[in-house]
$ cat query-v8.cif   # mmCIF, C-alpha atoms
data_entry
loop_
_atom_site.label_atom_id
_atom_site.label_comp_id
_atom_site.auth_asym_id
_atom_site.auth_seq_id
_atom_site.Cartn_x
_atom_site.Cartn_y
_atom_site.Cartn_z
CA ASP A 1 -0.75 3.37 15.90
CA ALA A 2 1.71 0.64 16.83
CA GLY A 3 2.43 -0.26 13.23
CA VAL A 4 2.61 -3.80 11.92
CA ILE A 5 3.40 -6.22 14.73
CA GLN A 6 5.22 -9.50 14.18
CA SER A 7 6.04 -12.27 16.59
CA PRO A 8 8.33 -13.80 17.48
CA ARG A 9 11.20 -11.49 16.52
CA HIS A 10 13.65 -14.37 16.55
CA GLU A 11 13.03 -18.08 16.17
CA VAL A 12 15.60 -20.85 16.31
CA THR A 13 14.36 -24.35 15.63
CA GLU A 14 15.57 -27.70 14.47
CA MET A 15 15.00 -29.21 11.08
CA GLY A 16 11.68 -31.00 10.88
CA GLN A 17 9.93 -28.86 13.46
CA GLU A 18 6.84 -26.80 12.78
CA VAL A 19 7.28 -23.04 12.80
CA THR A 20 4.48 -20.49 13.08
CA LEU A 21 5.04 -16.82 12.42
CA ARG A 22 2.42 -14.27 13.42
CA CYS A 23 1.40 -10.88 12.14
CA LYS A 24 -1.00 -8.17 13.23
CA PRO A 25 -1.57 -5.59 10.47
CA ILE A 26 -2.32 -1.94 10.99
CA SER A 27 -5.94 -1.44 11.92
CA GLY A 28 -8.06 -0.53 8.91
CA HIS A 29 -5.68 -1.96 6.36
CA ASP A 30 -7.24 -4.46 3.98
CA TYR A 31 -4.12 -5.85 2.31
CA LEU A 32 -1.62 -8.10 4.05
CA PHE A 33 1.63 -9.36 2.54
CA TRP A 34 4.18 -11.97 3.59
CA TYR A 35 7.75 -11.58 2.32
CA ARG A 36 10.97 -13.49 2.80
CA GLN A 37 14.41 -11.89 2.63
CA THR A 38 17.73 -13.67 2.18
CA MET A 39 21.12 -12.54 0.99
CA MET A 40 20.97 -14.92 -1.96
CA ARG A 41 17.45 -14.24 -3.20
CA GLY A 42 16.74 -10.77 -1.90
CA LEU A 43 13.17 -9.82 -1.03
CA GLU A 44 10.53 -12.29 -2.23
CA LEU A 45 6.77 -11.96 -2.00
CA LEU A 46 5.33 -15.22 -0.69
CA ILE A 47 1.60 -14.52 -0.53
CA TYR A 48 -0.83 -11.67 -0.09
CA PHE A 49 -4.38 -11.27 1.13
CA ASN A 50 -7.10 -8.78 0.39
CA ASN A 51 -9.97 -8.57 2.87
CA ASN A 52 -8.68 -11.79 4.49
CA VAL A 53 -8.82 -13.70 1.18
CA PRO A 54 -5.61 -15.05 -0.37
CA ILE A 55 -5.13 -13.38 -3.75
CA ASP A 56 -1.76 -14.56 -4.97
CA ASP A 57 0.22 -17.40 -3.41
CA SER A 58 2.46 -18.03 -6.38
CA GLY A 59 5.51 -17.09 -4.33
CA MET A 60 5.00 -19.78 -1.71
CA PRO A 61 8.00 -22.03 -2.23
CA GLU A 62 6.32 -25.39 -1.68
CA ASP A 63 3.61 -27.24 0.15
CA ARG A 64 5.50 -27.02 3.40
CA PHE A 65 4.48 -23.37 3.56
CA SER A 66 0.95 -22.28 4.36
CA ALA A 67 -0.63 -18.97 5.36
CA LYS A 68 -3.95 -18.04 6.86
CA MET A 69 -5.79 -14.88 7.72
CA PRO A 70 -8.76 -15.81 9.91
CA ASN A 71 -9.72 -12.18 10.52
CA ALA A 72 -8.71 -8.66 9.63
CA SER A 73 -6.31 -8.32 12.52
CA PHE A 74 -4.31 -11.53 12.42
CA SER A 75 -2.37 -13.71 10.01
CA THR A 76 -0.04 -16.67 10.34
CA LEU A 77 2.65 -18.16 8.15
CA LYS A 78 3.40 -21.77 8.94
CA ILE A 79 6.28 -23.95 7.83
CA GLN A 80 5.89 -27.67 8.42
CA PRO A 81 8.34 -29.35 8.39
CA SER A 82 11.03 -26.71 8.48
CA GLU A 83 14.36 -27.11 6.67
CA PRO A 84 17.68 -25.25 7.00
CA ARG A 85 17.10 -23.53 3.65
CA ASP A 86 14.05 -21.83 5.16
CA SER A 87 16.37 -19.73 7.31
CA ALA A 88 15.61 -16.11 6.45
CA VAL A 89 13.97 -12.95 7.70
CA TYR A 90 10.23 -13.04 7.18
CA PHE A 91 8.39 -9.75 6.90
CA CYS A 92 4.74 -8.96 7.12
CA ALA A 93 3.40 -5.77 5.55
CA SER A 94 -0.01 -4.16 5.25
CA SER A 95 -1.64 -1.44 3.20
CA PHE A 96 -5.07 -0.07 2.44
CA ALA A 97 -6.78 0.43 -0.88
CA THR A 98 -8.39 3.44 -2.42
CA LYS A 99 -10.03 3.73 -5.80
CA THR A 100 -6.64 4.04 -7.44
CA TYR A 101 -4.82 1.40 -5.31
CA TYR A 102 -1.60 3.32 -5.00
CA ASN A 103 -1.03 3.22 -1.28
CA GLU A 104 2.32 2.27 0.13
CA GLN A 105 2.92 -0.83 2.21
CA PHE A 106 3.94 -0.61 5.86
CA PHE A 107 6.38 -3.27 6.99
CA GLY A 108 6.76 -4.97 10.33
CA PRO A 109 10.13 -5.47 12.01
CA GLY A 110 10.47 -9.02 10.73
CA THR A 111 11.02 -12.46 12.22
CA ARG A 112 14.53 -13.85 11.91
CA LEU A 113 14.17 -17.60 11.48
CA THR A 114 17.09 -19.97 11.90
CA VAL A 115 16.57 -23.65 11.18
CA LEU A 116 19.41 -25.84 12.41
CA ALA B 117 6.38 -8.28 -18.11
CA GLN B 118 6.67 -5.59 -15.49
CA SER B 119 9.99 -5.15 -13.79
CA VAL B 120 12.21 -2.87 -11.80
CA ALA B 121 15.99 -2.68 -12.07
CA GLN B 122 18.51 -1.15 -9.72
CA PRO B 123 21.71 -1.31 -11.73
CA GLU B 124 24.10 -0.65 -8.84
CA ASP B 125 24.61 -3.10 -6.00
CA GLN B 126 26.40 -0.44 -3.98
CA VAL B 127 26.84 3.32 -4.09
CA ASN B 128 29.59 5.03 -2.15
CA VAL B 129 29.52 8.74 -1.40
CA ALA B 130 31.26 11.11 0.97
CA GLU B 131 29.26 12.84 3.66
CA GLY B 132 28.02 16.22 2.47
CA ASN B 133 28.11 15.26 -1.20
CA PRO B 134 24.99 14.73 -3.28
CA LEU B 135 23.83 11.17 -3.76
CA THR B 136 21.89 9.35 -6.45
CA VAL B 137 20.53 5.82 -6.31
CA LYS B 138 19.31 4.65 -9.69
CA CYS B 139 16.13 2.84 -10.61
CA THR B 140 14.63 1.99 -13.99
CA TYR B 141 11.30 0.34 -14.61
CA SER B 142 9.31 -1.44 -17.27
CA VAL B 143 5.53 -1.35 -17.08
CA SER B 144 2.64 -1.06 -19.44
CA GLY B 145 0.59 1.99 -18.71
CA ASN B 146 1.19 4.62 -16.08
CA PRO B 147 3.64 3.55 -13.39
CA TYR B 148 3.13 3.98 -9.66
CA LEU B 149 6.63 4.07 -8.20
CA PHE B 150 7.97 3.82 -4.65
CA TRP B 151 11.21 4.06 -2.73
CA TYR B 152 11.86 2.25 0.53
CA VAL B 153 14.82 2.23 2.89
CA GLN B 154 15.94 -0.62 5.13
CA TYR B 155 18.29 -0.01 8.03
CA PRO B 156 20.18 -2.99 9.51
CA ASN B 157 17.94 -5.44 11.33
CA ARG B 158 14.83 -3.41 10.56
CA GLY B 159 11.85 -3.67 8.25
CA LEU B 160 11.48 -1.58 5.11
CA GLN B 161 10.38 2.01 5.63
CA PHE B 162 8.48 4.01 3.03
CA LEU B 163 10.36 7.07 1.72
CA LEU B 164 8.29 8.47 -1.14
CA LYS B 165 6.06 7.65 -4.08
CA TYR B 166 5.16 8.92 -7.51
CA ILE B 167 1.59 8.56 -8.69
CA THR B 168 0.98 11.48 -10.99
CA GLY B 169 1.70 15.16 -11.25
CA ASP B 170 5.02 16.86 -10.60
CA ASN B 171 7.94 14.75 -11.77
CA LEU B 172 9.99 15.72 -8.73
CA VAL B 173 8.69 14.02 -5.62
CA LYS B 174 9.82 14.96 -2.13
CA GLY B 175 9.86 12.45 0.68
CA SER B 176 11.13 11.69 4.16
CA TYR B 177 14.59 12.53 5.56
CA GLY B 178 15.33 15.06 2.80
CA PHE B 179 15.14 12.54 -0.03
CA GLU B 180 13.55 13.25 -3.39
CA ALA B 181 13.11 11.34 -6.60
CA GLU B 182 12.72 12.39 -10.17
CA PHE B 183 10.32 10.60 -12.46
CA ASN B 184 11.50 10.55 -16.07
CA LYS B 185 9.01 8.94 -18.39
CA SER B 186 11.16 9.04 -21.53
CA GLN B 187 14.03 7.29 -19.76
CA THR B 188 11.71 5.10 -17.67
CA SER B 189 13.67 6.05 -14.58
CA PHE B 190 12.89 7.04 -11.02
CA HIS B 191 16.24 7.91 -9.42
CA LEU B 192 16.46 8.69 -5.73
CA LYS B 193 18.44 11.77 -4.78
CA LYS B 194 19.57 13.81 -1.82
CA PRO B 195 21.52 17.08 -2.04
CA SER B 196 23.79 16.38 0.93
CA ALA B 197 24.38 12.86 2.23
CA LEU B 198 24.64 11.96 5.90
CA VAL B 199 26.47 9.01 7.41
CA SER B 200 23.13 7.99 8.90
CA ASP B 201 21.73 7.60 5.37
CA SER B 202 23.84 4.45 4.99
CA ALA B 203 21.32 1.67 4.41
CA LEU B 204 19.75 -0.60 1.80
CA TYR B 205 17.40 1.14 -0.64
CA PHE B 206 14.65 -0.51 -2.64
CA CYS B 207 12.77 0.81 -5.64
CA ALA B 208 9.33 -0.70 -6.34
CA VAL B 209 6.55 -0.42 -8.90
CA ARG B 210 2.92 -1.31 -8.46
CA ASP B 211 1.97 -4.47 -10.30
CA ILE B 212 -0.92 -3.71 -12.62
CA SER B 213 -0.87 -7.02 -14.43
CA SER B 214 -4.06 -8.18 -12.76
CA SER B 215 -7.28 -6.61 -11.59
CA ASN B 216 -6.17 -6.83 -7.96
CA THR B 217 -3.35 -4.34 -7.83
CA GLY B 218 -2.17 -4.42 -4.24
CA LYS B 219 1.12 -6.07 -5.14
CA LEU B 220 4.45 -4.27 -5.51
CA ILE B 221 7.39 -5.47 -7.59
CA PHE B 222 10.66 -4.68 -5.80
CA GLY B 223 14.12 -4.17 -7.22
CA GLN B 224 17.08 -6.07 -5.84
CA GLY B 225 18.17 -3.22 -3.63
CA THR B 226 21.16 -0.87 -3.58
CA THR B 227 23.43 -0.50 -0.58
CA LEU B 228 24.30 3.11 0.09
CA GLN B 229 27.51 3.71 2.00
CA VAL B 230 28.16 7.27 3.18
CA LYS B 231 31.66 7.81 4.52
CA PRO B 232 32.62 10.62 6.92
#
$ encode --input "query-v8.cif" --output "structure tokens"
Amino acid sequence: DAGVIQSPRHEVTEMGQEVTLRCKPISGHDYLFWYRQTMMRGLELLIYFNNNVPIDDSGMPEDRFSAKMPNASFSTLKIQPSEPRDSAVYFCASSFATKTYYNEQFFGPGTRLTVL
Amino acid sequence: AQSVAQPEDQVNVAEGNPLTVKCTYSVSGNPYLFWYVQYPNRGLQFLLKYITGDNLVKGSYGFEAEFNKSQTSFHLKKPSALVSDSALYFCAVRDISSSNTGKLIFGQGTTLQVKP
């Protein structure tokens, strides 16, 4: 398996532009997570999906951020408009559930976003 | 509230010496605990997990962790450190605060520096 795939790996944009980050989870996984990592705030969970349905979006910083999962093999995280403080590494992770829900998450390589 | 604490921002150890990276947790009920490692410019990689059973859990790259219920700790250990073990280590606990339990709560991370 190729693991979790994220694109692009690097994104440089100007303030005010729309940014779309993409994620393909591991086939068969039914949970998908979006995280953001910065030096100041560490690793933050933004939103997660179960069976393509958003379960908890309490970590989404503000209305400029939105996430979708139109099918089991694809998710997007969109920032519109982007601001310099959105600069971070964004990770996607996936996992699968069993009766006891204790399965580990598999992380993608991340997208390094720089907003100028 | 459930939480995970990694009391040390950085741990320094000489190559060949044993290493310990500390983690304490606070959860109601039985904890499901995880350790992840992050190498520079990479995503998080799963190392090991404790669900139930033997308190000493063995994982990837020669790492192990000891679950101690009375001290609410889950310290990561390795008998002989390698320079290549230098990385950022995260402890995590499964969030059981809601019926949908796919979420993990991560600690702030501990940087391990192994010197030759």
$ interface_residues --input "query-v8.cif" --of "chain A" --to "chain B" --cutoff "6 Å" --atoms "all atoms listed in the file" --output "PyMOL selection string"
chain A and resi 107-109
$ closest_residue --input "query-v8.cif" --among "A:Leu32, A:Met60, A:Ala67, A:Ala93" --to "Tyr48 in chain A" --atoms "only C-alpha atoms"
A:Leu32
$ atom_distance --input "query-v8.cif" --atom1 "CA of Gln118 in chain B" --atom2 "CA of Phe190 in chain B"
14.8 Å
$ resolve_selection --input "query-v8.cif" --expression "the PyMOL selection byres ((chain B and resi 122) around 6)" --output "short mmCIF file (atom, residue, chain, number, x, y, z; two decimals) with C-alpha atoms, keeping the file's coordinate frame"
data_model
loop_
_atom_site.label_atom_id
_atom_site.label_comp_id
_atom_site.auth_asym_id
_atom_site.auth_seq_id
_atom_site.Cartn_x
_atom_site.Cartn_y
_atom_site.Cartn_z
CA ALA B 121 15.99 -2.68 -12.07
CA PRO B 123 21.71 -1.31 -11.73
CA GLU B 124 24.10 -0.65 -8.84
CA LYS B 138 19.31 4.65 -9.69
CA CYS B 139 16.13 2.84 -10.61
CA GLY B 223 14.12 -4.17 -7.22
#
$ resolve_selection --input "query-v8.cif" --expression "the PyMOL selection byres ((chain B and resi 195) around 8)" --output "PyMOL selection string"
chain B and resi 132-135+193-194+196-197
$ atom_distance --input "query-v8.cif" --atom1 "CA of Thr98 in chain A" --atom2 "CA of Tyr205 in chain B"
26.0 Å
$ atom_distance --input "query-v8.cif" --atom1 "CA of Gln154 in chain B" --atom2 "CA of Gly42 in chain A"
12.4 Å
$ resolve_selection --input "query-v8.cif" --expression "the PyMOL selection byres ((chain A and resi 2) around 12)" --output "PDB file with C-alpha atoms, keeping the file's coordinate frame"
ATOM      1  CA  ASP A   1      -0.750   3.370  15.900  1.00  0.00           C
ATOM      2  CA  GLY A   3       2.430  -0.260  13.230  1.00  0.00           C
ATOM      3  CA  VAL A   4       2.610  -3.800  11.920  1.00  0.00           C
ATOM      4  CA  ILE A   5       3.400  -6.220  14.730  1.00  0.00           C
ATOM      5  CA  GLN A   6       5.220  -9.500  14.180  1.00  0.00           C
ATOM      6  CA  LYS A  24      -1.000  -8.170  13.230  1.00  0.00           C
ATOM      7  CA  PRO A  25      -1.570  -5.590  10.470  1.00  0.00           C
ATOM      8  CA  ILE A  26      -2.320  -1.940  10.990  1.00  0.00           C
ATOM      9  CA  SER A  27      -5.940  -1.440  11.920  1.00  0.00           C
ATOM     10  CA  PHE A 106       3.940  -0.610   5.860  1.00  0.00           C
ATOM     11  CA  PHE A 107       6.380  -3.270   6.990  1.00  0.00           C
ATOM     12  CA  GLY A 108       6.760  -4.970  10.330  1.00  0.00           C
ATOM     13  CA  PRO A 109      10.130  -5.470  12.010  1.00  0.00           C
TER      14      PRO A 109
END
$ residues_around --input "query-v8.cif" --residues "Asp170 in chain B" --least-positions-apart "6" --cutoff "12 Å" --atoms "all atoms listed in the file" --output "MDAnalysis selection string"
chainID B and resid 180:185
$ closest_residue --input "query-v8.cif" --among "A:Gly59, A:Val89, A:Val115, A:Asn52" --to "Thr38 in chain A" --atoms "all atoms listed in the file"
A:Val89
$ residues_around --input "query-v8.cif" --residues "Gln229 in chain B" --least-positions-apart "4" --cutoff "9 Å" --atoms "all atoms listed in the file" --output "ChimeraX atom specification"
/B:126-130,199,201-204
$ closest_residue --input "query-v8.cif" --among "A:Ser82, A:Thr76, A:Gln105, A:Ser87" --to "Arg41 in chain A" --atoms "all atoms listed in the file"
A:Ser87
$ closest_residue --input "query-v8.cif" --among "A:Ser7, A:Phe65, A:Gln37, A:Thr114" --to "Lys78 in chain A" --atoms "only C-alpha atoms"
A:Phe65
$ residues_around --input "query-v8.cif" --residues "Leu77 in chain A" --least-positions-apart "6" --cutoff "7 Å" --atoms "all atoms listed in the file" --output "list in words"
Thr20, Leu21, Arg22, Ser66, Ala67 and Lys68 of chain A
